[in-house]
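Engineer: The file below is model_20.txt, compact mmCIF, C-alpha atoms:
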```txt
# COMPACT_ATOMS: atom_id res chain seq x y z
CA MET A 1 -1.56 15.35 17.24
CA SER A 2 0.14 12.38 15.54
CA LYS A 3 2.94 14.59 14.19
CA ILE A 4 3.70 15.87 17.70
CA PHE A 5 3.69 12.30 19.03
CA ASN A 6 6.04 11.04 16.26
CA HIS A 7 8.38 13.95 16.88
CA PHE A 8 8.41 13.18 20.60
CA LEU A 9 9.12 9.48 19.85
CA GLN A 10 12.10 10.37 17.65
CA ILE A 11 13.54 12.58 20.39
CA SER A 12 13.12 9.70 22.90
CA TYR A 13 15.04 7.27 20.64
CA ILE A 14 17.89 9.78 20.23
CA VAL A 15 18.11 10.42 23.98
CA SER A 16 18.07 6.68 24.74
CA PHE A 17 20.84 6.00 22.21
CA PHE A 18 23.14 8.67 23.63
CA THR A 19 22.38 7.49 27.17
CA VAL A 20 23.58 3.96 26.28
CA VAL A 21 26.72 5.34 24.63
CA VAL A 22 27.55 7.45 27.69
CA LEU A 23 27.03 4.49 30.02
CA ILE A 24 29.35 2.29 27.94
CA LEU A 25 32.02 5.01 27.91
CA LEU A 26 31.75 5.58 31.66
CA PHE A 27 31.40 1.93 32.73
CA PRO A 28 32.97 -0.25 29.98
CA SER A 29 33.90 -3.15 32.27
CA GLN A 30 30.35 -3.50 33.58
CA ALA A 31 28.90 -3.41 30.08
CA PHE A 32 31.22 -6.11 28.79
CA SER A 33 30.76 -8.07 32.00
CA LEU A 34 27.02 -8.22 31.30
CA ALA A 35 27.68 -9.40 27.76
CA SER A 36 30.12 -12.01 29.03
CA GLU A 37 27.64 -13.18 31.67
CA SER A 38 24.97 -13.57 29.01
CA LYS A 39 27.32 -15.66 26.89
CA SER A 40 28.37 -17.94 29.76
CA SER A 41 24.74 -18.42 30.75
CA SER A 42 24.03 -19.94 27.37
CA VAL A 43 26.89 -22.37 27.96
CA ILE A 44 25.59 -23.33 31.39
CA GLU A 45 22.15 -24.08 30.02
CA ASN A 46 23.44 -26.49 27.36
CA PRO A 47 20.81 -29.25 27.43
CA ARG A 48 22.93 -32.15 26.17
CA ALA A 49 24.31 -33.21 29.55
CA PHE A 50 23.71 -32.22 33.14
CA VAL A 51 25.27 -32.31 36.60
CA LYS A 52 23.31 -34.86 38.64
CA ASN A 53 24.71 -33.94 42.05
CA TYR A 54 27.77 -32.56 43.81
CA SER A 55 29.27 -32.04 47.27
CA THR A 56 32.25 -30.20 48.76
CA TYR A 57 34.87 -30.82 51.45
CA ASN A 58 38.40 -29.71 52.39
CA ASP A 59 41.14 -32.33 52.32
CA GLY A 60 44.03 -32.71 54.78
CA ASP A 61 46.06 -30.03 52.96
CA ASN A 62 43.10 -27.62 53.10
CA ASN A 63 42.46 -27.92 49.37
CA THR A 64 38.86 -27.41 48.32
CA ILE A 65 37.49 -30.65 46.87
CA ILE A 66 34.32 -30.59 44.79
CA VAL A 67 33.00 -33.97 43.64
CA GLY A 68 29.92 -34.96 41.71
CA SER A 69 28.62 -36.79 38.67
CA VAL A 70 27.38 -35.89 35.20
CA ALA A 71 25.06 -37.70 32.81
CA LYS A 72 23.75 -37.47 29.27
CA SER A 73 20.21 -36.18 28.83
CA ASP A 74 17.66 -38.74 27.66
CA TYR A 75 16.46 -36.50 24.82
CA GLN A 76 19.93 -36.20 23.26
CA ASP A 77 20.51 -38.81 20.52
CA PHE A 78 24.25 -38.40 20.11
CA PRO A 79 27.02 -39.53 22.48
CA GLN A 80 28.67 -36.62 24.28
CA THR A 81 32.11 -35.47 25.33
CA VAL A 82 31.77 -33.19 28.34
CA LEU A 83 33.73 -30.65 30.34
CA VAL A 84 32.50 -29.67 33.79
CA GLY A 85 33.07 -26.01 34.69
CA LEU A 86 33.53 -24.18 37.98
CA LYS A 87 33.33 -20.38 38.34
CA THR A 88 35.63 -19.00 41.02
CA PHE A 89 37.74 -15.96 41.91
CA ASN A 90 41.54 -16.12 41.71
CA ASN A 91 43.01 -14.16 44.63
CA ILE A 92 46.46 -14.03 42.98
CA THR A 93 45.40 -12.55 39.64
CA GLY A 94 42.39 -10.71 41.03
CA SER A 95 40.12 -12.03 38.30
CA ASN A 96 37.23 -14.43 37.85
CA GLU A 97 38.11 -17.77 36.28
CA ILE A 98 36.32 -20.81 34.93
CA ILE A 99 38.20 -24.01 35.76
CA THR A 100 37.27 -27.17 33.86
CA GLU A 101 37.60 -30.90 34.49
CA ALA A 102 36.56 -33.89 32.40
CA PRO A 103 34.54 -36.72 33.97
CA TYR A 104 36.35 -40.00 34.54
CA ASN A 105 34.59 -41.57 31.52
CA SER A 106 35.60 -39.98 28.22
CA ILE A 107 32.24 -40.46 26.43
CA LEU A 108 28.71 -40.22 27.82
CA TYR A 109 26.33 -42.34 25.76
CA LYS A 110 23.88 -44.02 28.16
CA ASP A 111 20.96 -41.83 29.16
CA ASN A 112 21.04 -40.62 32.79
CA GLU A 113 23.99 -42.88 33.71
CA PRO A 114 26.18 -40.95 36.20
CA PHE A 115 29.94 -40.63 35.70
CA PRO A 116 32.06 -39.08 38.46
CA PHE A 117 34.22 -35.96 38.33
CA LYS A 118 36.48 -34.25 40.86
CA PHE A 119 37.96 -30.76 41.33
CA LYS A 120 40.94 -30.10 43.62
CA LEU A 121 41.60 -26.39 44.20
CA ASN A 122 44.07 -24.51 46.38
CA SER A 123 41.82 -22.80 48.92
CA THR A 124 44.31 -19.94 49.38
CA VAL A 125 44.27 -19.08 45.68
CA PHE A 126 40.59 -19.83 45.14
CA LEU A 127 39.11 -18.73 48.45
CA ASP A 128 35.46 -18.76 47.33
CA ALA A 129 35.66 -22.09 45.47
CA VAL A 130 33.88 -23.80 48.36
CA ASN A 131 30.73 -21.90 47.37
CA SER A 132 31.03 -22.60 43.64
CA LYS A 133 28.48 -24.73 41.85
CA PRO A 134 29.72 -27.04 39.05
CA PHE A 135 28.00 -26.75 35.67
CA ILE A 136 28.27 -28.15 32.15
CA PHE A 137 30.83 -25.91 30.49
CA GLU A 138 30.93 -27.89 27.25
CA SER A 139 28.88 -30.73 25.80
CA ARG A 140 29.72 -31.81 22.25
CA ASN A 141 28.40 -34.47 19.91
CA VAL A 142 31.04 -37.15 19.36
CA SER A 143 31.77 -37.42 15.66
CA LEU A 144 35.20 -39.05 15.23
CA PRO A 145 35.42 -42.82 14.73
CA ILE A 146 36.17 -44.21 18.19
CA THR A 147 36.32 -47.81 19.34
CA LYS A 148 35.62 -48.40 23.02
CA LEU A 149 36.86 -51.70 24.40
CA ASN A 150 34.52 -53.17 26.98
CA THR A 151 36.21 -56.55 26.90
CA PHE A 152 36.96 -56.75 30.61
CA LYS A 153 35.17 -58.06 33.66
CA LEU A 154 35.12 -56.40 37.09
CA ASP A 155 34.63 -58.40 40.28
CA TYR A 156 34.19 -56.43 43.50
CA PRO A 157 31.97 -56.17 46.58
CA VAL A 158 29.75 -53.13 47.05
CA LEU A 159 30.85 -52.48 50.64
CA PRO A 160 34.43 -51.36 51.49
CA GLN A 161 36.79 -53.86 53.12
CA GLY A 162 39.96 -51.95 54.06
CA ASN A 163 40.82 -50.27 57.34
CA HIS A 164 40.51 -46.93 55.57
CA LYS A 165 37.33 -47.89 53.70
CA GLU A 166 39.17 -49.01 50.58
CA LEU A 167 37.43 -51.14 47.96
CA TYR A 168 39.37 -54.12 46.59
CA GLY A 169 38.48 -55.86 43.35
CA ASN A 170 39.73 -57.79 40.32
CA ILE A 171 39.74 -56.92 36.63
CA THR A 172 39.99 -59.63 33.95
CA ASN A 173 40.71 -59.10 30.28
CA THR A 174 38.19 -61.35 28.50
CA SER A 175 39.63 -60.85 25.01
CA PRO A 176 42.67 -61.83 22.93
CA ILE A 177 43.64 -58.12 22.72
CA GLN A 178 45.92 -56.39 25.23
CA LEU A 179 44.20 -53.48 26.97
CA ASN A 180 46.20 -50.33 27.70
CA ASN A 181 45.61 -47.30 29.93
CA ILE A 182 42.45 -48.56 31.61
CA THR A 183 40.80 -45.99 33.88
CA LEU A 184 38.65 -47.58 36.58
CA PHE A 185 36.34 -45.30 38.56
CA ALA A 186 33.59 -45.29 41.16
CA ILE A 187 31.29 -43.03 43.16
CA VAL A 188 31.73 -43.07 46.95
CA ASN A 189 28.50 -42.76 48.96
CA ASP A 190 27.57 -42.21 52.58
CA ARG A 191 24.79 -43.94 54.51
CA ASN A 192 22.20 -41.58 52.95
CA SER A 193 23.32 -42.48 49.40
CA THR A 194 24.87 -39.03 49.01
CA GLN A 195 27.99 -38.86 46.86
CA ILE A 196 30.90 -37.78 49.07
CA ASP A 197 33.88 -38.61 46.84
CA SER A 198 34.98 -39.67 43.35
CA VAL A 199 37.77 -42.22 43.03
CA LYS A 200 39.76 -43.67 40.16
CA THR A 201 42.80 -45.79 39.44
CA VAL A 202 44.73 -46.46 36.23
CA ILE A 203 45.94 -49.86 35.04
CA PRO A 204 48.69 -49.35 32.41
CA HIS A 205 48.47 -52.77 30.74
CA LEU A 206 46.29 -55.86 30.90
CA LYS A 207 47.40 -58.82 28.80
CA PRO A 208 44.91 -61.08 26.99
CA TYR A 209 42.87 -63.09 29.55
CA GLU A 210 44.99 -61.70 32.42
CA THR A 211 43.53 -60.88 35.85
CA LEU A 212 44.90 -58.10 38.08
CA ASN A 213 43.90 -56.54 41.40
CA PHE A 214 42.73 -52.95 41.77
CA THR A 215 42.04 -50.70 44.76
CA PHE A 216 39.89 -47.61 45.26
CA ILE A 217 41.06 -45.35 48.10
CA PRO A 218 38.79 -42.55 49.36
CA ASP A 219 40.15 -39.31 50.79
CA PRO A 220 41.14 -39.79 54.47
CA VAL A 221 39.06 -36.77 55.49
CA ILE A 222 35.78 -38.45 54.52
CA GLU A 223 36.70 -42.11 55.05
CA ASN A 224 34.67 -42.41 58.26
CA ARG A 225 31.53 -41.48 56.30
CA VAL A 226 32.06 -44.04 53.52
CA TYR A 227 29.28 -46.61 53.41
CA PHE A 228 29.27 -48.10 49.90
CA TYR A 229 30.59 -47.68 46.35
CA SER A 230 28.43 -47.37 43.23
CA CYS A 231 28.69 -46.86 39.46
CA VAL A 232 31.95 -48.81 39.29
CA GLY A 233 33.15 -48.86 35.70
CA GLY A 234 36.06 -48.57 33.33
CA ASP A 235 37.11 -46.59 30.30
CA VAL A 236 39.54 -47.73 27.61
CA ASP A 237 39.98 -46.92 23.91
CA ASP A 238 41.86 -49.05 21.43
CA MET A 239 43.54 -45.74 20.47
CA LYS A 240 43.51 -46.50 16.75
CA VAL A 241 41.60 -43.99 14.64
CA ASP A 242 41.08 -45.10 11.03
CA GLN A 243 43.64 -47.90 11.48
CA PHE A 244 43.25 -51.66 11.67
CA GLN A 245 43.51 -53.23 15.10
CA ILE A 246 45.37 -56.51 14.64
CA ILE A 247 44.53 -59.79 16.40
CA ASN A 248 46.96 -62.69 16.05
CA ILE A 249 44.74 -65.76 15.82
CA SER A 250 47.71 -68.11 15.37
CA SER A 251 51.31 -67.95 14.21
CA SER A 252 50.16 -67.72 10.58
CA LYS A 253 46.60 -66.39 10.87
CA VAL A 254 45.78 -62.73 11.51
CA LEU A 255 42.52 -60.79 11.73
CA GLY A 256 42.28 -57.01 11.62
CA TYR A 257 39.24 -54.81 12.24
CA LYS A 258 38.42 -51.12 11.79
CA PHE A 259 35.24 -49.13 12.45
CA SER A 260 34.03 -45.91 10.84
CA SER A 261 31.67 -44.98 13.67
CA ILE A 262 31.53 -44.94 17.47
CA MET A 263 31.53 -48.59 18.47
CA GLN A 264 31.90 -50.44 21.73
CA ILE A 265 33.23 -53.98 21.59
CA ASP A 266 31.70 -56.02 24.40
CA TYR A 267 33.06 -59.43 23.44
CA ILE A 268 35.73 -60.92 21.14
CA ASP A 269 36.55 -64.60 20.84
CA TYR A 270 38.10 -67.03 18.38
CA ASN A 271 37.10 -70.69 18.49
CA ALA A 272 39.93 -72.73 16.97
CA THR A 273 37.82 -75.90 16.93
CA ASN A 274 35.33 -74.63 14.37
CA ASN A 275 37.45 -71.77 12.96
CA GLN A 276 34.92 -69.17 14.03
CA PHE A 277 35.44 -65.59 15.16
CA VAL A 278 32.74 -63.79 17.17
CA PHE A 279 32.27 -60.07 17.89
CA LYS A 280 29.63 -58.57 20.15
CA ILE A 281 29.42 -54.95 19.03
CA ASN A 282 27.41 -52.02 20.33
CA ASN A 283 26.99 -49.24 17.76
CA ILE A 284 26.30 -46.34 20.11
CA TYR A 285 25.84 -43.84 17.27
CA PRO A 286 22.26 -43.31 16.03
CA TYR A 287 23.18 -44.31 12.46
CA PRO A 288 24.63 -47.47 10.87
CA GLY A 289 28.42 -47.68 10.86
CA SER A 290 30.82 -49.73 8.80
CA LEU A 291 33.02 -52.56 10.05
CA SER A 292 36.04 -53.37 7.88
CA LEU A 293 37.73 -56.75 8.37
CA GLN A 294 40.92 -58.16 6.90
CA LEU A 295 42.07 -61.76 7.16
CA MET A 296 45.57 -63.08 6.44
CA PRO A 297 46.36 -65.20 4.54
CA ILE A 298 43.88 -64.99 1.67
CA GLN A 299 40.88 -67.18 2.39
CA VAL A 300 40.62 -69.99 -0.12
CA ASP A 301 37.22 -71.21 1.00
CA PRO A 302 34.20 -68.87 1.06
CA LEU A 303 33.66 -67.19 4.42
CA ASN A 304 30.32 -67.35 6.18
CA VAL A 305 29.42 -64.07 7.87
CA SER A 306 26.26 -63.43 9.87
CA ILE A 307 24.82 -60.59 11.96
CA ASP A 308 22.54 -61.68 14.80
CA GLY A 309 22.33 -65.14 13.24
CA LEU A 310 21.21 -63.87 9.83
CA PRO A 311 23.68 -64.72 7.02
CA ILE A 312 24.99 -61.92 4.81
CA GLU A 313 24.10 -63.07 1.30
CA ASN A 314 25.70 -60.40 -0.90
CA MET A 315 28.80 -59.76 1.14
CA ASN A 316 31.30 -57.10 0.11
CA ALA A 317 34.49 -59.22 0.00
CA ARG A 318 37.65 -59.12 -2.12
CA ASN A 319 41.26 -60.33 -2.08
CA SER A 320 44.24 -57.98 -2.14
CA ASP A 321 47.91 -58.16 -1.05
CA ASN A 322 47.63 -61.59 0.58
CA LYS A 323 44.54 -60.45 2.51
CA THR A 324 40.82 -61.07 2.27
CA LEU A 325 38.93 -57.83 2.86
CA ILE A 326 35.32 -57.69 4.09
CA GLY A 327 33.02 -54.70 4.52
CA LEU A 328 29.92 -54.82 6.76
CA SER A 329 27.28 -52.32 7.83
CA ILE A 330 26.40 -52.43 11.54
CA PRO A 331 23.01 -50.99 12.58
CA GLN A 332 22.57 -48.98 15.75
CA GLY A 333 22.49 -51.02 18.94
CA THR A 334 24.06 -54.27 20.10
CA HIS A 335 24.72 -57.01 17.53
CA ASN A 336 26.56 -60.33 17.28
CA VAL A 337 28.85 -60.64 14.26
CA THR A 338 30.09 -64.15 13.43
CA ILE A 339 32.77 -65.05 10.86
CA SER A 340 32.92 -68.78 10.13
CA ASN A 341 34.94 -71.14 7.92
CA ILE A 342 38.21 -69.26 8.43
CA SER A 343 41.02 -71.14 6.68
CA GLY A 344 44.74 -71.22 7.42
CA GLU A 345 46.88 -73.02 9.97
```
Translate this structure into structure tokens?
Structural biologist:
Amino acid sequence: MSKIFNHFLQISYIVSFFTVVVLILLFPSQAFSLASESKSSSVIENPRAFVKNYSTYNDGDNNTIIVGSVAKSDYQDFPQTVLVGLKTFNNITGSNEIITEAPYNSILYKDNEPFPFKFKLNSTVFLDAVNSKPFIFESRNVSLPITKLNTFKLDYPVLPQGNHKELYGNITNTSPIQLNNITLFAIVNDRNSTQIDSVKTVIPHLKPYETLNFTFIPDPVIENRVYFYSCVGGDVDDMKVDQFQIINISSSKVLGYKFSSIMQIDYIDYNATNNQFVFKINNIYPYPGSLSLQLMPIQVDPLNVSIDGLPIENMNARNSDNKTLIGLSIPQGTHNVTISNISGE
């Protein structure tokens, strides 16, 4: 009996195999479509970031606008760079496409904090885009050394003031470093706290301690529904990877800094009265990162360096090429770094 059963089982395997081969030969596109769908599903279900909400409207030129916000998951330790995807059908090419957009903030590192995104699609080319649902196409751990500059202050009301529901505000550079290519962004909400638009504006340059005006303008199609703005923020990098960022303290005194991790600088200040330099640094990576400092000219008197008020006893310091070089290790989280007794005119 068992021999007959085994023989029958072998015949079943052979028949099943040839059936699959025949189906692939007859319907190759469907077979590969299923494989492709399986692959894209794994991308959609990436757990590192998620789409918090989204909404859709058509603008005055009949473009399909899809707005929403994304956030980092609270169980993901590493900061994320994200691309939002949108599956739609291209009527010109006759094929399915995935269109991607980045959120207005380049790095997601605070758990569940929403950052806006916006798609603008030609409704003639992408006729079914209005029914598309945005998803996380890509979510990657940030690994390159990046310095985020958070040394600016935003002043603005929550409610719009303009005739077309614009929001007016001021941005002030609170540091001795010029800020370049600042992207300011916000989420536009209706009376029910539903996101109905994503807005942004770019400020090319902001000199040290300078204050400039900025304006957020919602799409005219939805302006009558605008009730308040939320999640107003800014994004700026110092754009120097593995290079020293230079700060001119005086005509003859220079300080340079360089990080080997993902750091956000929240505050920088030099007090000429007591020759003291202060950093407020947020190491947003889950591991300690190094801070390299260089001071010109060479410091004759010993420098006093502390982290969160605790002096660094065995400091890694040396002199080279008319510079004093210092190496520090910055733990995860927010810390105050103070450099005192800086010499030079």
Engineer: Which is closer to Ile284 of chain A than all the others in A:Leu121, A:Met263, A:Ala49, A:Met315, using only C-alpha atoms?
Structural biologist: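 The closest residue to Ile284 of chain A is A:Met263.
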Engineer: For a quick check of understanding, using all atoms listed in the file, which of A:Tyr54, A:Tyr257, A:Phe119, A:Phe214 has the smallest distance to Ser290 of chain A?
Structural biologist: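 The closest residue to Ser290 of chain A is A:Tyr257.
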Engineer: Might you pull out every residue within 8 Å of segment 72-88 of chain A, with only C-alpha atoms counted and same-chain residues fewer than 3 positions away left off, and present them as a PyMOL selection string?
Structural biologist: chain A and resi 47-50+96-103+106-113+117+126+128-129+132-142+284-286
Engineer: Please determine, counting all atoms listed in the file, which residue among A:Glu313, A:Asp219, A:Glu210, A:Asp308 has the shortest atom-to-atom distance to Thr151 of chain A.
Structural biologist: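 Under the stated criterion, the closest residue is A:Glu210.
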Engineer: Please report the interatomic distance between atom CA of Pro116 of chain A and atom CA of Asn282 of chain A in Å with one decimal.
Structural biologist: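 Here the two named atoms are 22.8 Å from each other.
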Engineer: Set the distance at 8 Å and use only C-alpha atoms: which residues neighbour segment 327-344 of chain A once local chain neighbours fewer than 2 positions away are removed? I'd like the list as a ChimeraX atom specification.
Structural biologist: /A:252-253,274-293,297,299-309,315-317,325
Engineer: At a cut-off of 10 Å, using all atoms listed in the file, what residues contact Asn224 of chain A? Leave out same-chain residues fewer than 5 positions from it and give the result as a PyMOL selection string.
Structural biologist: chain A and resi 164-165+190+218-219
Engineer: Between atom CA of Asp197 of chain A and atom CA of Gly68 of chain A, what distance in Å does the model show, to one decimal?
Structural biologist: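 About the pair atom CA of Asp197 of chain A and atom CA of Gly68 of chain A: they are 7.4 Å apart.
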Engineer: In Å, how far is it from atom CA of Tyr104 of chain A to atom CA of Ile92 of chain A?
Structural biologist: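 Computed distance, atom CA of Tyr104 of chain A to atom CA of Ile92 of chain A, equals 29.1 Å.
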Engineer: So which residues are close to (39.9, -54.7, 40.6), meaning at most 12 Å away in the file's coordinates with only C-alpha atoms counted, and can you show them as a PyMOL selection string?
Structural biologist: chain A and resi 152-157+166-173+182-186+200-203+206+210-216+232-234
Engineer: Given only C-alpha atoms as the basis, pick out the residue of A:Cys231, A:Val51, A:Val236, A:Ile222 nearest to Asn150 of chain A.
Structural biologist: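 Among A:Cys231, A:Val51, A:Val236, A:Ile222, it is A:Val236 that comes nearest to Asn150 of chain A.
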Engineer: Determine, counting all atoms listed in the file, which protein, DNA and RNA residues have an atom within 9 Å of an atom of Asn58 of chain A; residues of the same chain fewer than 5 positions away are not included. Present the result as a PDB file with C-alpha atoms, in the coordinates of the input.
Structural biologist:
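The resulting file, part.pdb, is shown below:
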```pdb
ATOM      1  CA  ASN A  63      42.460 -27.920  49.370  1.00  0.00           C
ATOM      2  CA  THR A  64      38.860 -27.410  48.320  1.00  0.00           C
ATOM      3  CA  ILE A  65      37.490 -30.650  46.870  1.00  0.00           C
ATOM      4  CA  ILE A  66      34.320 -30.590  44.790  1.00  0.00           C
ATOM      5  CA  SER A 123      41.820 -22.800  48.920  1.00  0.00           C
ATOM      6  CA  VAL A 130      33.880 -23.800  48.360  1.00  0.00           C
ATOM      7  CA  VAL A 221      39.060 -36.770  55.490  1.00  0.00           C
TER       8      VAL A 221
END
```
Engineer: Measuring between only C-alpha atoms, which one of A:Asp61, A:Ile177, A:Tyr209, A:Arg225 shows the shortest distance to Ser193 of chain A?
Structural biologist: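 Once distances to Ser193 of chain A are computed over only C-alpha atoms, the minimum belongs to A:Arg225.
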Engineer: Restricting the calculation to all atoms listed in the file, which member of A:Ile146, A:Val67, A:Ile247, A:Ile217 is positioned closest to Asp269 of chain A?
Structural biologist: A:Ile247
